[in-house]
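The block underneath contains the structure these notes are about, expressed in structure tokens.
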Amino acid sequence: MTVTSVALDSPGFEAAPETGRVVELGPGNRIDVEAEYGAVRCDTRPDPAYAVIGVADQGASPVRVPLATPYDVLGRIHDGDCAAEELARAVPVTLIPAAAPPEPAAPLPARLVVSRGTASGDVRVDEIGGSVLYALRGALPATMRADEDRLSVDITIDAARCDPHALAEAKKPFVFPLWIAVGSSAPEYSRIPVSAENRRILTNYLTTTCDARR
């Protein structure tokens, strides 16, 4: 049979666009196809989950196949995303990038502003990470003391890759991981929010910087 698309159908996530890919499957064939998932629904568990598979037969409807999830992959993604949302409410984080770098090929200066939401006690920003296209670095760890309501951390954003393949294929260029410890708890995973305006700034920066480095 010929598979034309694959999508995830899980009650724990919003629907995401299908992955279009033509795959010829014969008896015993197995091919990996990457599928996206949408925003998490924390009031619903991710099971039962299905793969929605488009087929090439004329007039055929997509087929819903029960999805095997070894090692509870969907459950771990679901729990991690829900924990990240809860942490974002406890410790809101704002990214403030400069409009442009000091020189075309230089890293882009930026600030992370950490505010106190529902969290009490010390709040420590342990580590930040980048994506396929962007490298983020900062003077970390940095701590917001229990009697403080705001912490500003200077960081830089740099082009991690400029090759055409990476620029064309990057699926989540603005997903920047962040690890924060509240009180005596171990650091927990969150993400740095990137607004539509900041995405525009970062996209323009990457285009200008990659052109300058070629």
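Letters for chains follow the order of the structure tokens (A, B, ...), residue numbers begin at 1 for each chain, and ligand numbers begin at 1 in the order shown.
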
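Every protein or nucleic acid residue with an atom no more than 7 Å from segment 27-43 of chain A, counting only C-alpha atoms and leaving out same-chain residues fewer than 4 positions away, appears here: Val6, Ala7, Leu8, Gly12, Phe13, Glu14, Ala15, Ala16, Thr19, His78, Asp81 and Cys82 of chain A.
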
Subject >> Per-residue DSSP, segment 23-191 of chain A, filtered to helix (DSSP H, G or I), as a ChimeraX atom specification >> reply: /A:70-90,164-169

Let's have the selection written as a compact mmCIF listing (two decimals), in the first residue's frame, with N, CA, C and O atoms.
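That gives us selection_26.txt:
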```
# COMPACT_ATOMS: atom_id res chain seq x y z
N PRO A 70 5.43 2.60 23.09
CA PRO A 70 6.38 1.98 24.00
C PRO A 70 7.07 3.01 24.88
O PRO A 70 7.27 4.16 24.47
N TYR A 71 7.39 2.59 26.11
CA TYR A 71 8.06 3.46 27.09
C TYR A 71 7.19 4.67 27.46
O TYR A 71 7.70 5.66 27.97
N ASP A 72 5.87 4.60 27.18
CA ASP A 72 4.93 5.67 27.54
C ASP A 72 5.42 7.01 27.00
O ASP A 72 5.42 8.02 27.70
N VAL A 73 5.82 7.03 25.75
CA VAL A 73 6.36 8.25 25.15
C VAL A 73 5.36 9.40 25.21
O VAL A 73 5.67 10.51 25.65
N LEU A 74 4.11 9.14 24.80
CA LEU A 74 3.11 10.21 24.81
C LEU A 74 2.82 10.68 26.23
O LEU A 74 2.65 11.87 26.48
N GLY A 75 2.76 9.74 27.18
CA GLY A 75 2.52 10.11 28.57
C GLY A 75 3.61 11.01 29.12
O GLY A 75 3.33 11.98 29.83
N ARG A 76 4.86 10.71 28.78
CA ARG A 76 5.97 11.51 29.28
C ARG A 76 5.97 12.90 28.64
O ARG A 76 6.25 13.91 29.31
N ILE A 77 5.66 12.98 27.34
CA ILE A 77 5.57 14.29 26.68
C ILE A 77 4.44 15.11 27.30
O ILE A 77 4.59 16.30 27.60
N HIS A 78 3.30 14.46 27.50
CA HIS A 78 2.12 15.12 28.07
C HIS A 78 2.42 15.65 29.46
O HIS A 78 2.17 16.83 29.77
N ASP A 79 2.99 14.82 30.33
CA ASP A 79 3.28 15.24 31.70
C ASP A 79 4.33 16.35 31.73
O ASP A 79 4.24 17.29 32.52
N GLY A 80 5.33 16.24 30.85
CA GLY A 80 6.37 17.27 30.80
C GLY A 80 5.83 18.61 30.34
O GLY A 80 6.18 19.66 30.91
N ASP A 81 4.96 18.61 29.33
CA ASP A 81 4.39 19.87 28.84
C ASP A 81 3.46 20.50 29.87
O ASP A 81 3.42 21.72 30.03
N CYS A 82 2.69 19.65 30.59
CA CYS A 82 1.79 20.19 31.62
C CYS A 82 2.59 20.77 32.79
O CYS A 82 2.23 21.82 33.34
N ALA A 83 3.68 20.10 33.17
CA ALA A 83 4.53 20.63 34.23
C ALA A 83 5.16 21.96 33.81
O ALA A 83 5.29 22.89 34.61
N ALA A 84 5.53 22.07 32.52
CA ALA A 84 6.11 23.30 32.01
C ALA A 84 5.09 24.45 32.06
O ALA A 84 5.43 25.59 32.39
N GLU A 85 3.82 24.14 31.75
CA GLU A 85 2.78 25.18 31.81
C GLU A 85 2.57 25.64 33.26
O GLU A 85 2.39 26.83 33.52
N GLU A 86 2.57 24.70 34.19
CA GLU A 86 2.39 25.06 35.60
C GLU A 86 3.56 25.91 36.09
O GLU A 86 3.37 26.90 36.81
N LEU A 87 4.78 25.54 35.68
CA LEU A 87 5.95 26.32 36.08
C LEU A 87 5.91 27.72 35.47
O LEU A 87 6.31 28.70 36.11
N ALA A 88 5.40 27.84 34.24
CA ALA A 88 5.29 29.15 33.60
C ALA A 88 4.34 30.07 34.36
O ALA A 88 4.53 31.29 34.38
N ARG A 89 3.32 29.50 34.99
CA ARG A 89 2.42 30.32 35.81
C ARG A 89 3.09 30.72 37.13
O ARG A 89 2.87 31.81 37.65
N ALA A 90 3.91 29.83 37.67
CA ALA A 90 4.59 30.12 38.93
C ALA A 90 5.71 31.14 38.75
O ALA A 90 5.93 32.00 39.61
N PRO A 164 21.48 25.71 4.11
CA PRO A 164 20.12 25.72 3.55
C PRO A 164 19.24 24.58 4.05
O PRO A 164 18.04 24.75 4.24
N HIS A 165 19.83 23.40 4.26
CA HIS A 165 19.03 22.26 4.72
C HIS A 165 18.42 22.55 6.08
O HIS A 165 17.22 22.32 6.29
N ALA A 166 19.21 23.05 7.02
CA ALA A 166 18.70 23.37 8.36
C ALA A 166 17.65 24.46 8.30
O ALA A 166 16.61 24.39 8.96
N LEU A 167 17.90 25.50 7.49
CA LEU A 167 16.95 26.61 7.39
C LEU A 167 15.61 26.15 6.82
O LEU A 167 14.55 26.64 7.22
N ALA A 168 15.64 25.20 5.90
CA ALA A 168 14.42 24.75 5.26
C ALA A 168 13.66 23.71 6.08
O ALA A 168 12.43 23.66 6.05
N GLU A 169 14.40 22.89 6.84
CA GLU A 169 13.78 21.74 7.49
C GLU A 169 13.48 21.94 8.98
O GLU A 169 12.82 21.10 9.58
```

**OP:** Can you pull out every residue within 10 Å of Leu206 of chain A, counting only C-alpha atoms, but drop anything in the same chain fewer than 6 positions away, and send it as a list in words?
**Re:** Pro104, Ala105, Pro107, Leu108, Leu133, Tyr134, Ile157, Asp158, Ala159, Ala160, Arg161, Cys162, Leu167, Arg200 and Ala212 of chain A

Residues of the last selection are to be written out with N, CA and C atoms, as an mmCIF file, in the first residue's frame.
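The new file out_29.cif reads:
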```cif
data_model
loop_
_atom_site.group_PDB
_atom_site.id
_atom_site.type_symbol
_atom_site.label_atom_id
_atom_site.label_comp_id
_atom_site.auth_asym_id
_atom_site.auth_seq_id
_atom_site.Cartn_x
_atom_site.Cartn_y
_atom_site.Cartn_z
ATOM 1 N N PRO A 104 26.685 43.027 11.907
ATOM 2 C CA PRO A 104 25.853 42.039 11.209
ATOM 3 C C PRO A 104 26.126 40.589 11.583
ATOM 4 N N ALA A 105 27.377 40.223 11.842
ATOM 5 C CA ALA A 105 27.697 38.829 12.125
ATOM 6 C C ALA A 105 27.821 38.539 13.621
ATOM 7 N N PRO A 107 26.565 38.101 17.703
ATOM 8 C CA PRO A 107 25.379 37.604 18.401
ATOM 9 C C PRO A 107 24.433 38.742 18.754
ATOM 10 N N LEU A 108 23.159 38.392 18.890
ATOM 11 C CA LEU A 108 22.127 39.372 19.213
ATOM 12 C C LEU A 108 21.987 39.475 20.732
ATOM 13 N N LEU A 133 18.398 26.155 14.989
ATOM 14 C CA LEU A 133 18.859 27.353 14.291
ATOM 15 C C LEU A 133 19.488 28.396 15.197
ATOM 16 N N TYR A 134 19.156 28.373 16.489
ATOM 17 C CA TYR A 134 19.607 29.441 17.385
ATOM 18 C C TYR A 134 20.345 28.851 18.593
ATOM 19 N N ILE A 157 21.852 35.654 21.719
ATOM 20 C CA ILE A 157 21.241 34.726 20.772
ATOM 21 C C ILE A 157 22.092 34.742 19.514
ATOM 22 N N ASP A 158 22.544 33.550 19.096
ATOM 23 C CA ASP A 158 23.453 33.462 17.958
ATOM 24 C C ASP A 158 22.886 32.485 16.932
ATOM 25 N N ALA A 159 23.336 32.625 15.702
ATOM 26 C CA ALA A 159 22.959 31.670 14.663
ATOM 27 C C ALA A 159 23.716 30.372 14.899
ATOM 28 N N ALA A 160 22.988 29.277 15.099
ATOM 29 C CA ALA A 160 23.630 27.985 15.321
ATOM 30 C C ALA A 160 23.978 27.298 14.004
ATOM 31 N N ARG A 161 23.100 27.476 13.003
ATOM 32 C CA ARG A 161 23.343 26.890 11.692
ATOM 33 C C ARG A 161 22.815 27.831 10.619
ATOM 34 N N CYS A 162 23.525 27.877 9.495
ATOM 35 C CA CYS A 162 23.101 28.711 8.376
ATOM 36 C C CYS A 162 22.975 27.918 7.077
ATOM 37 N N LEU A 167 17.900 25.498 7.486
ATOM 38 C CA LEU A 167 16.953 26.609 7.387
ATOM 39 C C LEU A 167 15.613 26.154 6.815
ATOM 40 N N ARG A 200 9.698 37.529 14.604
ATOM 41 C CA ARG A 200 10.065 38.370 13.450
ATOM 42 C C ARG A 200 11.480 38.913 13.626
ATOM 43 N N ALA A 212 25.796 37.552 6.235
ATOM 44 C CA ALA A 212 27.083 38.184 6.529
ATOM 45 C C ALA A 212 28.185 37.147 6.712
#
```

**OP:** Please indicate the distance in Å from atom CA of Gly117 of chain A to atom CA of Tyr189 of chain A, rounded to one decimal place.
**Re:**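 Distance between the two atoms: 16.5 Å.
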
Subject >> Nearest residue to Glu148 of chain A from the set A:Gly130, A:Pro66, A:Pro92, A:Gly121 (distances using only C-alpha atoms) >> reply: A:Gly121

**OP:** Might you pull out every residue within 10 Å of Ser131 of chain A, with only C-alpha atoms counted and same-chain residues fewer than 6 positions away left off, and present them as a ChimeraX atom specification?
**Re:** /A:159-161,170-177

Subject >> Residue among A:Pro97, A:Ala56, A:Pro109, A:Asp149 lying closest to Asp122 of chain A, counting only C-alpha atoms >> reply: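 Between A:Pro97, A:Ala56, A:Pro109, A:Asp149, the residue approaching Asp122 of chain A most closely is A:Asp149.
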
**OP:** Pick out the closest residue to Trp179 of chain A from this set: A:Ile155, A:Ile53, A:Ile96, A:Ala142. Count only C-alpha atoms.
**Re:** A:Ala142

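Note that the spacing between atom CA of Arg191 of chain A and atom CA of Pro102 of chain A amounts to 26.6 Å.
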
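Residue-level DSSP output for segment 85-125 of chain A, from the backbone, shows strand (DSSP E) at Val93, Thr94, Leu95, Ile96, Pro97, Leu108, Pro109, Ala110, Arg111, Leu112, Val113, Val114, Ser115, Val123, Arg124 and Val125 of chain A.
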
Go ahead and save the picked residues with all heavy atoms, as a compact mmCIF listing (two decimals), in the first residue's frame.
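Dumped to selection.txt:
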```txt
# COMPACT_ATOMS: atom_id res chain seq x y z
N VAL A 93 8.29 34.17 32.49
CA VAL A 93 9.56 34.58 31.88
C VAL A 93 9.26 35.35 30.60
O VAL A 93 8.41 34.95 29.80
CB VAL A 93 10.45 33.37 31.58
CG1 VAL A 93 11.72 33.79 30.83
CG2 VAL A 93 10.82 32.63 32.86
N THR A 94 9.95 36.46 30.39
CA THR A 94 9.79 37.27 29.19
C THR A 94 11.13 37.42 28.48
O THR A 94 12.15 37.71 29.12
CB THR A 94 9.25 38.67 29.54
OG1 THR A 94 8.01 38.54 30.27
CG2 THR A 94 9.00 39.49 28.28
N LEU A 95 11.13 37.20 27.18
CA LEU A 95 12.33 37.39 26.36
C LEU A 95 12.28 38.77 25.73
O LEU A 95 11.28 39.15 25.10
CB LEU A 95 12.39 36.31 25.28
CG LEU A 95 13.52 36.45 24.25
CD1 LEU A 95 14.88 36.26 24.92
CD2 LEU A 95 13.34 35.44 23.12
N ILE A 96 13.37 39.54 25.90
CA ILE A 96 13.45 40.88 25.32
C ILE A 96 14.72 40.95 24.47
O ILE A 96 15.81 41.23 24.99
CB ILE A 96 13.46 41.97 26.40
CG1 ILE A 96 12.24 41.82 27.32
CG2 ILE A 96 13.48 43.36 25.77
CD1 ILE A 96 12.23 42.81 28.47
N PRO A 97 14.62 40.69 23.17
CA PRO A 97 15.80 40.79 22.31
C PRO A 97 16.02 42.21 21.84
O PRO A 97 15.08 43.01 21.72
CB PRO A 97 15.45 39.87 21.13
CG PRO A 97 13.96 39.97 21.04
CD PRO A 97 13.45 40.19 22.44
N LEU A 108 23.16 38.39 18.89
CA LEU A 108 22.13 39.37 19.21
C LEU A 108 21.99 39.47 20.73
O LEU A 108 21.68 38.48 21.40
CB LEU A 108 20.79 38.94 18.60
CG LEU A 108 19.60 39.88 18.79
CD1 LEU A 108 19.81 41.15 17.97
CD2 LEU A 108 18.31 39.18 18.39
N PRO A 109 22.20 40.67 21.33
CA PRO A 109 22.00 40.81 22.78
C PRO A 109 20.51 40.68 23.12
O PRO A 109 19.64 41.07 22.35
CB PRO A 109 22.51 42.23 23.08
CG PRO A 109 23.29 42.64 21.86
CD PRO A 109 22.69 41.90 20.71
N ALA A 110 20.24 40.13 24.29
CA ALA A 110 18.86 39.98 24.75
C ALA A 110 18.84 39.89 26.27
O ALA A 110 19.89 39.75 26.91
CB ALA A 110 18.21 38.75 24.12
N ARG A 111 17.64 39.97 26.83
CA ARG A 111 17.46 39.80 28.27
C ARG A 111 16.33 38.82 28.54
O ARG A 111 15.34 38.78 27.81
CB ARG A 111 17.14 41.13 28.94
CG ARG A 111 18.30 42.09 29.08
CD ARG A 111 17.89 43.31 29.90
NE ARG A 111 16.85 44.09 29.25
CZ ARG A 111 15.76 44.54 29.84
NH1 ARG A 111 15.53 44.25 31.12
NH2 ARG A 111 14.87 45.27 29.17
N LEU A 112 16.52 38.02 29.57
CA LEU A 112 15.43 37.22 30.12
C LEU A 112 14.96 37.92 31.39
O LEU A 112 15.74 38.11 32.32
CB LEU A 112 15.89 35.80 30.47
CG LEU A 112 16.04 34.79 29.35
CD1 LEU A 112 16.41 33.43 29.96
CD2 LEU A 112 14.76 34.67 28.54
N VAL A 113 13.70 38.29 31.42
CA VAL A 113 13.14 38.91 32.61
C VAL A 113 12.27 37.87 33.32
O VAL A 113 11.27 37.40 32.76
CB VAL A 113 12.32 40.16 32.27
CG1 VAL A 113 11.69 40.74 33.52
CG2 VAL A 113 13.22 41.20 31.59
N VAL A 114 12.67 37.51 34.52
CA VAL A 114 11.98 36.50 35.32
C VAL A 114 11.15 37.21 36.38
O VAL A 114 11.69 38.02 37.14
CB VAL A 114 12.99 35.54 35.97
CG1 VAL A 114 12.27 34.45 36.77
CG2 VAL A 114 13.89 34.91 34.90
N SER A 115 9.86 36.92 36.43
CA SER A 115 8.96 37.57 37.39
C SER A 115 8.42 36.54 38.38
O SER A 115 8.43 35.33 38.11
CB SER A 115 7.79 38.25 36.66
OG SER A 115 8.27 39.14 35.68
N VAL A 123 14.08 31.62 43.57
CA VAL A 123 13.87 31.06 42.23
C VAL A 123 15.20 31.14 41.50
O VAL A 123 15.77 32.22 41.36
CB VAL A 123 12.78 31.83 41.47
CG1 VAL A 123 12.71 31.34 40.02
CG2 VAL A 123 11.43 31.70 42.15
N ARG A 124 15.68 30.00 41.03
CA ARG A 124 16.99 29.96 40.37
C ARG A 124 16.83 29.53 38.91
O ARG A 124 16.25 28.48 38.62
CB ARG A 124 17.91 28.98 41.09
CG ARG A 124 19.36 29.03 40.59
CD ARG A 124 20.24 28.05 41.34
NE ARG A 124 19.95 26.67 41.02
CZ ARG A 124 19.40 25.79 41.86
NH1 ARG A 124 19.06 26.14 43.10
NH2 ARG A 124 19.17 24.54 41.47
N VAL A 125 17.33 30.36 38.02
CA VAL A 125 17.38 29.99 36.60
C VAL A 125 18.69 29.25 36.39
O VAL A 125 19.77 29.84 36.45
CB VAL A 125 17.30 31.23 35.69
CG1 VAL A 125 17.33 30.81 34.22
CG2 VAL A 125 16.04 32.03 36.00
```
